[in-house]
Amino acid sequence: MVQYAQTRFDASFAALSDATRRGVLEQLWRADASITDLAEKFRMSLTGMKKHVGVLEQSGLVTTAKVGRVRTCKLGPRRLEEEAAWIERYRQLWDARFDALDTVVEELKQKEKVVGRKKRE
Amino acid sequence: MKNRTTVERKSERELAVTRTFNGPARLVFEAWTKPDVFRQWWVPKSMGMSLLSCEMDVRVGGRYRLEFAHGDSRMAFFGTYKEVTPHSRLVWTNDESDGGAISTVTFEERSGKTLLVYHELYPSKEALDANAGMENAMAETFEQLDELLVTLGAT
């Protein structure tokens, strides 16, 4: 098990150590793409892109499937973990915003009380 | 006591944020519709950004424009109000980028408290992935991934 985790770690680390591969991940985060699309986008030969995708595939970050003559790439099983993490970040942004809104609502309530007292006086 | 903020991915192209506020709907609504109040909370310190200007013409067909600064870079967010129902509902467009969402906020008062739901509907799944929480979502994804790798490495 330790051996397995270590191997997976090495593979992921290698996969992420390259700027093109990080770019490919970012691209696949937005939408699935064929190797040809990716090669064009990163101005690279098909063979070069195949190598990069191969490295990403070994690390489990990307999966590919061949339909007809086209090999389509998409984010691998880890996508789910990433999505959960992404939702959590989005939640934290709103939570921080809404904490500040709590304070503002509290102030508005106090202000209203003061105005209300003045009106009664 | 602090109320919980929950987020739900309602569908491939929808996100909903829910939170209860300890005040009547008219005050919470005021905080969303008066620029001088709005700017007190929309950009919390933890976002690392500041709000340079905030213009809001809150009526159907009225426009809004928010300008942010993050270090040396400037960003503007703008759009049009589509629905304005005092103390209960606001709908606006987000026009600063292609594939911007339609935002809807509903305010529901229950015994002096307000249940607020902020809802975003994107034109497609891709638009949601590309735009929602754009505030450095990708950079943070890689940070998370790095943490995951460290965890795996430590096993």
# chains A, B, ... in the order shown; residues from 1 in each chain; ligands from 1

$ residues_around --residues "Glu8 of chain B" --least-positions-apart "6" --cutoff "10 Å" --atoms "only C-alpha atoms" --output "MDAnalysis selection string"
(chainID A and resid 87 91) or (chainID B and resid 14:18 119)

$ write_last_selection --atoms "N, CA and C atoms" --output "compact mmCIF listing (two decimals), in the first residue's frame"
# COMPACT_ATOMS: atom_id res chain seq x y z
N ILE A 87 -16.29 23.50 -4.91
CA ILE A 87 -17.55 23.94 -4.29
C ILE A 87 -17.27 24.52 -2.91
N ARG A 91 -18.09 28.16 -1.54
CA ARG A 91 -18.86 28.35 -0.31
C ARG A 91 -18.13 29.28 0.65
N GLU B 14 -26.34 25.20 -12.67
CA GLU B 14 -26.91 26.03 -11.59
C GLU B 14 -26.19 25.82 -10.26
N LEU B 15 -26.00 26.93 -9.57
CA LEU B 15 -25.47 26.88 -8.21
C LEU B 15 -26.41 27.68 -7.31
N ALA B 16 -26.61 27.21 -6.09
CA ALA B 16 -27.45 27.96 -5.15
C ALA B 16 -26.75 28.06 -3.80
N VAL B 17 -26.72 29.27 -3.26
CA VAL B 17 -26.12 29.52 -1.96
C VAL B 17 -27.24 29.94 -1.01
N THR B 18 -27.30 29.32 0.17
CA THR B 18 -28.39 29.60 1.10
C THR B 18 -27.84 30.03 2.46
N HIS B 119 -28.91 32.47 -6.31
CA HIS B 119 -28.93 31.41 -7.32
C HIS B 119 -28.28 31.92 -8.60

$ residues_around --residues "Glu107 of chain A" --least-positions-apart "5" --cutoff "12 Å" --atoms "only C-alpha atoms" --output "PDB file with C-alpha atoms, in the first residue's frame"
ATOM      1  CA  ALA A 100     -19.812  40.717   6.633  1.00  0.00           C
ATOM      2  CA  LEU A 101     -23.476  41.059   5.649  1.00  0.00           C
ATOM      3  CA  ASP A 102     -24.482  39.771   9.122  1.00  0.00           C
ATOM      4  CA  GLU A 112     -33.667  51.460  12.968  1.00  0.00           C
ATOM      5  CA  LYS A 113     -34.156  51.100  16.727  1.00  0.00           C
ATOM      6  CA  VAL A 114     -32.567  54.496  17.352  1.00  0.00           C
TER       7      VAL A 114
ATOM      8  CA  ASN B  22     -31.036  37.556  11.856  1.00  0.00           C
ATOM      9  CA  GLY B  23     -33.029  40.519  10.608  1.00  0.00           C
ATOM     10  CA  LEU B  27     -33.084  45.368   5.904  1.00  0.00           C
ATOM     11  CA  VAL B  28     -31.363  42.481   4.118  1.00  0.00           C
ATOM     12  CA  ALA B  31     -28.073  45.810   2.013  1.00  0.00           C
ATOM     13  CA  VAL B  37     -24.472  49.645   2.297  1.00  0.00           C
ATOM     14  CA  GLN B  40     -19.615  47.446   3.195  1.00  0.00           C
ATOM     15  CA  TRP B  41     -19.926  43.700   2.795  1.00  0.00           C
TER      16      TRP B  41
END

$ select_by_dssp --residues "chain A" --states "alpha helix (DSSP H)" --output "JSON, numbers by chain"
{"A": [2, 3, 4, 5, 6, 7, 8, 9, 10, 11, 12, 13, 14, 15, 16, 19, 20, 21, 22, 23, 24, 25, 26, 27, 28, 29, 30, 35, 36, 37, 38, 39, 40, 41, 46, 47, 48, 49, 50, 51, 52, 53, 54, 55, 56, 57, 58, 79, 80, 81, 82, 83, 84, 85, 86, 87, 88, 89, 90, 91, 92, 93, 94, 95, 96, 97, 98, 99, 100, 101, 102, 103, 104, 105, 106, 107, 108, 109, 110, 111, 112, 113, 114, 115, 116, 117, 118, 119, 120]}

$ write_last_selection --atoms "C-alpha atoms" --output "JSON list (two decimals), in the first residue's frame"
[["chain", "number", "residue", "atom", "x", "y", "z"],
["A", 2, "VAL", "CA", 2.79, 2.38, 0.93],
["A", 3, "GLN", "CA", 4.54, 1.36, -2.24],
["A", 4, "TYR", "CA", 1.40, 2.03, -4.26],
["A", 5, "ALA", "CA", 0.83, 5.48, -2.72],
["A", 6, "GLN", "CA", 4.46, 6.38, -3.29],
["A", 7, "THR", "CA", 4.25, 5.38, -6.94],
["A", 8, "ARG", "CA", 1.07, 7.33, -7.42],
["A", 9, "PHE", "CA", 2.63, 10.33, -5.73],
["A", 10, "ASP", "CA", 5.69, 10.19, -7.99],
["A", 11, "ALA", "CA", 3.50, 9.85, -11.06],
["A", 12, "SER", "CA", 1.33, 12.82, -10.05],
["A", 13, "PHE", "CA", 4.30, 14.92, -9.15],
["A", 14, "ALA", "CA", 5.92, 14.22, -12.50],
["A", 15, "ALA", "CA", 2.64, 14.96, -14.24],
["A", 16, "LEU", "CA", 2.30, 18.35, -12.58],
["A", 19, "ALA", "CA", 3.80, 23.67, -17.63],
["A", 20, "THR", "CA", 2.20, 22.17, -20.74],
["A", 21, "ARG", "CA", 0.64, 19.38, -18.72],
["A", 22, "ARG", "CA", -0.72, 21.86, -16.20],
["A", 23, "GLY", "CA", -2.14, 23.79, -19.15],
["A", 24, "VAL", "CA", -3.75, 20.61, -20.50],
["A", 25, "LEU", "CA", -5.38, 19.98, -17.12],
["A", 26, "GLU", "CA", -6.69, 23.52, -17.07],
["A", 27, "GLN", "CA", -8.06, 23.06, -20.57],
["A", 28, "LEU", "CA", -9.77, 19.76, -19.68],
["A", 29, "TRP", "CA", -11.19, 21.39, -16.59],
["A", 30, "ARG", "CA", -13.17, 23.60, -18.95],
["A", 35, "ILE", "CA", -5.49, 14.96, -28.58],
["A", 36, "THR", "CA", -5.58, 16.80, -31.93],
["A", 37, "ASP", "CA", -7.39, 19.77, -30.30],
["A", 38, "LEU", "CA", -4.84, 19.85, -27.50],
["A", 39, "ALA", "CA", -1.88, 19.59, -29.89],
["A", 40, "GLU", "CA", -3.22, 22.55, -31.87],
["A", 41, "LYS", "CA", -3.97, 24.60, -28.80],
["A", 46, "LEU", "CA", 0.61, 15.04, -32.15],
["A", 47, "THR", "CA", 3.38, 12.77, -30.94],
["A", 48, "GLY", "CA", 4.49, 15.33, -28.35],
["A", 49, "MET", "CA", 0.96, 15.80, -27.06],
["A", 50, "LYS", "CA", 0.40, 12.03, -26.92],
["A", 51, "LYS", "CA", 3.41, 11.76, -24.62],
["A", 52, "HIS", "CA", 2.10, 14.46, -22.28],
["A", 53, "VAL", "CA", -1.36, 12.92, -22.18],
["A", 54, "GLY", "CA", 0.25, 9.54, -21.52],
["A", 55, "VAL", "CA", 2.00, 10.92, -18.44],
["A", 56, "LEU", "CA", -1.23, 12.52, -17.19],
["A", 57, "GLU", "CA", -3.10, 9.28, -17.80],
["A", 58, "GLN", "CA", -0.61, 7.24, -15.77],
["A", 79, "ARG", "CA", -12.13, 15.27, -10.81],
["A", 80, "LEU", "CA", -14.73, 14.50, -8.17],
["A", 81, "GLU", "CA", -12.40, 15.40, -5.34],
["A", 82, "GLU", "CA", -11.49, 18.56, -7.18],
["A", 83, "GLU", "CA", -15.10, 19.45, -7.72],
["A", 84, "ALA", "CA", -15.86, 18.99, -4.02],
["A", 85, "ALA", "CA", -12.89, 21.21, -3.19],
["A", 86, "TRP", "CA", -14.03, 23.77, -5.74],
["A", 87, "ILE", "CA", -17.55, 23.94, -4.29],
["A", 88, "GLU", "CA", -16.04, 24.36, -0.85],
["A", 89, "ARG", "CA", -13.95, 27.34, -2.00],
["A", 90, "TYR", "CA", -17.02, 28.89, -3.59],
["A", 91, "ARG", "CA", -18.86, 28.35, -0.31],
["A", 92, "GLN", "CA", -16.06, 29.96, 1.68],
["A", 93, "LEU", "CA", -16.19, 33.04, -0.52],
["A", 94, "TRP", "CA", -19.92, 33.44, 0.10],
["A", 95, "ASP", "CA", -19.55, 32.58, 3.76],
["A", 96, "ALA", "CA", -17.02, 35.39, 4.22],
["A", 97, "ARG", "CA", -19.27, 37.75, 2.29],
["A", 98, "PHE", "CA", -22.31, 36.78, 4.34],
["A", 99, "ASP", "CA", -20.43, 37.12, 7.64],
["A", 100, "ALA", "CA", -19.81, 40.72, 6.63],
["A", 101, "LEU", "CA", -23.48, 41.06, 5.65],
["A", 102, "ASP", "CA", -24.48, 39.77, 9.12],
["A", 103, "THR", "CA", -22.60, 42.69, 10.65],
["A", 104, "VAL", "CA", -24.23, 45.14, 8.26],
["A", 105, "VAL", "CA", -27.74, 43.81, 9.01],
["A", 106, "GLU", "CA", -27.01, 44.09, 12.73],
["A", 107, "GLU", "CA", -25.98, 47.73, 12.26],
["A", 108, "LEU", "CA", -29.09, 48.49, 10.21],
["A", 109, "LYS", "CA", -31.23, 46.95, 12.98],
["A", 110, "GLN", "CA", -29.56, 49.14, 15.61],
["A", 111, "LYS", "CA", -29.98, 52.23, 13.46],
["A", 112, "GLU", "CA", -33.67, 51.46, 12.97],
["A", 113, "LYS", "CA", -34.16, 51.10, 16.73],
["A", 114, "VAL", "CA", -32.57, 54.50, 17.35],
["A", 115, "VAL", "CA", -34.67, 56.14, 14.61],
["A", 116, "GLY", "CA", -37.78, 54.40, 16.00],
["A", 117, "ARG", "CA", -37.09, 55.75, 19.50],
["A", 118, "LYS", "CA", -36.58, 59.26, 18.15],
["A", 119, "LYS", "CA", -39.89, 59.10, 16.28],
["A", 120, "ARG", "CA", -41.73, 58.07, 19.43]]

$ atom_distance --atom1 "atom CA of Asp32 of chain A" --atom2 "atom CA of Phe77 of chain B"
28.2 Å

$ select_by_dssp --residues "chain B" --states "strand (DSSP E or B)" --output "VMD selection string"
chain B and resid 6 to 11 14 to 21 50 to 56 63 to 70 73 to 85 89 to 93 102 to 110 113 to 121

$ atom_distance --atom1 "atom CA of Asp36 of chain B" --atom2 "atom CA of Met75 of chain B"
19.5 Å

$ residues_around --residues "Thr20 of chain B" --least-positions-apart "5" --cutoff "10 Å" --atoms "only C-alpha atoms" --output "ChimeraX atom specification"
/A:98,102 /B:2-5,107-110,113-117

$ write_last_selection --atoms "N, CA and C atoms" --output "compact mmCIF listing (two decimals), in the first residue's frame"
# COMPACT_ATOMS: atom_id res chain seq x y z
N PHE A 98 -21.09 36.77 3.53
CA PHE A 98 -22.31 36.78 4.34
C PHE A 98 -22.02 37.06 5.81
N ASP A 102 -23.90 39.91 7.77
CA ASP A 102 -24.48 39.77 9.12
C ASP A 102 -24.23 41.04 9.93
N LYS B 2 -23.41 32.09 14.68
CA LYS B 2 -23.26 32.27 13.24
C LYS B 2 -24.14 31.27 12.48
N ASN B 3 -24.83 31.77 11.46
CA ASN B 3 -25.65 30.87 10.65
C ASN B 3 -24.81 30.21 9.57
N ARG B 4 -25.27 29.06 9.14
CA ARG B 4 -24.50 28.30 8.15
C ARG B 4 -24.76 28.76 6.72
N THR B 5 -23.70 28.78 5.92
CA THR B 5 -23.84 29.05 4.49
C THR B 5 -23.73 27.71 3.77
N PHE B 107 -35.54 36.68 -0.95
CA PHE B 107 -35.53 37.00 0.48
C PHE B 107 -36.87 36.55 1.04
N GLU B 108 -36.82 35.66 2.03
CA GLU B 108 -38.06 35.14 2.59
C GLU B 108 -38.04 35.33 4.10
N GLU B 109 -38.95 36.17 4.59
CA GLU B 109 -38.93 36.48 6.03
C GLU B 109 -39.76 35.48 6.83
N ARG B 110 -39.15 35.01 7.94
CA ARG B 110 -39.84 34.09 8.84
C ARG B 110 -39.54 34.53 10.25
N LYS B 113 -36.59 36.71 10.90
CA LYS B 113 -35.34 36.31 10.25
C LYS B 113 -35.58 36.21 8.75
N THR B 114 -34.49 36.26 7.99
CA THR B 114 -34.64 36.20 6.54
C THR B 114 -33.85 35.04 5.97
N LEU B 115 -34.55 34.18 5.23
CA LEU B 115 -33.88 33.10 4.51
C LEU B 115 -33.53 33.66 3.14
N LEU B 116 -32.24 33.68 2.84
CA LEU B 116 -31.79 34.22 1.56
C LEU B 116 -31.25 33.10 0.68
N VAL B 117 -31.68 33.09 -0.58
CA VAL B 117 -31.12 32.14 -1.54
C VAL B 117 -30.54 32.94 -2.71

$ residues_around --residues "Trp92 of chain B" --least-positions-apart "5" --cutoff "6 Å" --atoms "only C-alpha atoms" --output "MDAnalysis selection string"
chainID B and resid 80:82 102:103

$ closest_residue --among "B:Ser11, B:Arg19, B:Thr6, B:Arg39" --to "Ser124 of chain B" --atoms "only C-alpha atoms"
B:Ser11

$ closest_residue --among "B:Arg13, B:Arg59, B:Lys45, B:Lys34" --to "chain A" --atoms "only C-alpha atoms"
B:Lys45

$ residues_around --residues "Asn94 of chain B" --least-positions-apart "4" --cutoff "7 Å" --atoms "only C-alpha atoms" --output "PyMOL selection string"
chain B and resi 78-79+100-102

$ write_last_selection --atoms "C-alpha atoms" --output "PDB file, in the first residue's frame"
ATOM      1  CA  PHE B  78     -21.550  44.905 -14.796  1.00  0.00           C
ATOM      2  CA  GLY B  79     -25.030  44.035 -16.016  1.00  0.00           C
ATOM      3  CA  GLY B 100     -22.125  35.033 -17.612  1.00  0.00           C
ATOM      4  CA  ALA B 101     -24.868  33.818 -15.287  1.00  0.00           C
ATOM      5  CA  ILE B 102     -28.303  35.159 -14.498  1.00  0.00           C
TER       6      ILE B 102
END
